[in-house]
Amino acid sequence: MQRIRLRYTKRGRLRFTSHRDFQRAFERALRRAEVPMAYSAGFTPHPKVSYANAAPTGTGSEAEYLEIQLAEVRDPARLRELLDESLPAGLDVVDAVEARTTSFADRLEASVWELLLEGVPLAEAEKAVAAFLAAESVQVERRTKNGLRSFDARGAVLRLEATAAPADRPGDGPCAILRLVVRHETPAVRPDDVLSGLRAVADLAPPVPAAVTRLAQGLLDEESGMVTDPLAPDRDATAAATSTAAGAATVPGGSA
């Protein structure tokens, strides 16, 4: 059997797709693309698909990941094209590699988020960011299925900065952009938790809901605070295996 790891996006109106909605759309895409899926055993077999750390409903993303298990070997690049063609625009499969390493989910250590704050002047956003970063802890509340839960939103935040929105953006009025790097912990700290924290420490309250997009998630470089591509180890392992096979083929007596 072969395992393929995929990166996909949630763009535009499709950011409001729930994780369950995406699962249904993806399974339909598997059937349309005639992907030779491996199935689980039992009375209700289902395709072997593993989803990793999906973004909350309502947030866009350039870096969602999943893994599928195939019953037959397929070229990852061609498989990516077929699945992308079978999904609606906005749910775009943008990368595919053969899984050659273990513990993929463990490599999703942190996320990079962008928060577009319409109606918020840059100076106001910068002041709120400074207050948030200066705090030792920022307690926020989130309603869960077990009731209201209080936790620290500051500890998981590795970087937070405010910048001006592009001059050519649509719309008028002030607008600030927050760039956020947050470590994946339990409980998970989400962008809306950081916004709640900014409201608590600096009374920052955007007049309209923030447009939130995950730009990346993956391995965390502790020194730089950068988040790196989680598919890189699989890509490197594939390149190494290809190089080894090509070398063996050129050695007298090697297999072609």
# chains A, B, ... in the order shown; residues from 1 in each chain; ligands from 1
$ residues_around --residues "stretch 198-200 of chain A" --least-positions-apart "5" --cutoff "9 Å" --atoms "only C-alpha atoms" --output "list in words"
Ala125, Ala128, Val129, Ala131, Phe132, Val138, Gln139, Val140, Asp193 and Ala205 of chain A
$ residues_around --residues "A:Ala99" --least-positions-apart "4" --cutoff "6 Å" --atoms "only C-alpha atoms" --output "PDB file with N, CA and C atoms, in the first residue's frame"
ATOM      1  N   ARG A   3       1.007   5.556   0.929  1.00  0.00           N
ATOM      2  CA  ARG A   3       0.409   6.671   1.654  1.00  0.00           C
ATOM      3  C   ARG A   3       0.847   7.981   0.995  1.00  0.00           C
ATOM      4  N   ILE A   4      -0.128   8.869   0.789  1.00  0.00           N
ATOM      5  CA  ILE A   4       0.119  10.166   0.171  1.00  0.00           C
ATOM      6  C   ILE A   4      -0.327  11.269   1.133  1.00  0.00           C
ATOM      7  N   ARG A   5       0.522  12.259   1.306  1.00  0.00           N
ATOM      8  CA  ARG A   5       0.188  13.407   2.141  1.00  0.00           C
ATOM      9  C   ARG A   5      -0.114  14.613   1.252  1.00  0.00           C
ATOM     10  N   ASP A 234       9.494  14.364   3.941  1.00  0.00           N
ATOM     11  CA  ASP A 234       9.043  13.350   2.980  1.00  0.00           C
ATOM     12  C   ASP A 234       9.605  13.638   1.594  1.00  0.00           C
TER      13      ASP A 234
END
$ residues_around --residues "stretch 115-122 of chain A" --least-positions-apart "4" --cutoff "12 Å" --atoms "only C-alpha atoms" --output "ChimeraX atom specification"
/A:59-61,126-129,160-166,169-181,190-192,194-195,203-215
$ select_by_dssp --residues "stretch 15-173 of chain A" --states "strand (DSSP E)" --output "PyMOL selection string"
chain A and resi 49-52+60-70+93-98+110-118+139-144+147-152+157-164
$ residues_around --residues "A:Leu79" --least-positions-apart "4" --cutoff "8 Å" --atoms "only C-alpha atoms" --output "list of chain:residue names"
A:Val35, A:Arg74, A:Asp75, A:Leu83, A:Ala96
$ write_last_selection --atoms "N, CA, C and O atoms" --output "short mmCIF file (atom, residue, chain, number, x, y, z; two decimals), in the first residue's frame"
data_model
loop_
_atom_site.label_atom_id
_atom_site.label_comp_id
_atom_site.auth_asym_id
_atom_site.auth_seq_id
_atom_site.Cartn_x
_atom_site.Cartn_y
_atom_site.Cartn_z
N VAL A 35 -9.78 7.35 -7.38
CA VAL A 35 -8.58 7.06 -6.60
C VAL A 35 -8.72 5.66 -5.98
O VAL A 35 -9.73 5.37 -5.34
N ARG A 74 0.28 5.23 -7.04
CA ARG A 74 -0.03 6.29 -7.98
C ARG A 74 1.03 7.39 -7.88
O ARG A 74 1.68 7.56 -6.86
N ASP A 75 1.18 8.14 -8.98
CA ASP A 75 2.09 9.28 -8.99
C ASP A 75 1.47 10.42 -8.18
O ASP A 75 0.36 10.86 -8.50
N LEU A 83 -7.45 15.24 -8.00
CA LEU A 83 -8.26 15.63 -6.85
C LEU A 83 -8.61 17.11 -6.90
O LEU A 83 -9.73 17.50 -6.57
N ALA A 96 1.40 17.51 -2.97
CA ALA A 96 1.24 16.08 -2.66
C ALA A 96 2.61 15.43 -2.65
O ALA A 96 3.41 15.66 -3.56
#
$ residues_around --residues "A:Ala237" --least-positions-apart "4" --cutoff "9 Å" --atoms "only C-alpha atoms" --output "count of residues only"
7
$ atom_distance --atom1 "atom CA of A:Ser86" --atom2 "atom CA of A:Arg32"
6.4 Å
$ residues_around --residues "A:Ala63" --least-positions-apart "2" --cutoff "12 Å" --atoms "only C-alpha atoms" --output "MDAnalysis selection string"
chainID A and resid 6:11 52:55 59:61 65:66 91:95 108 110:113 213:218 227:231
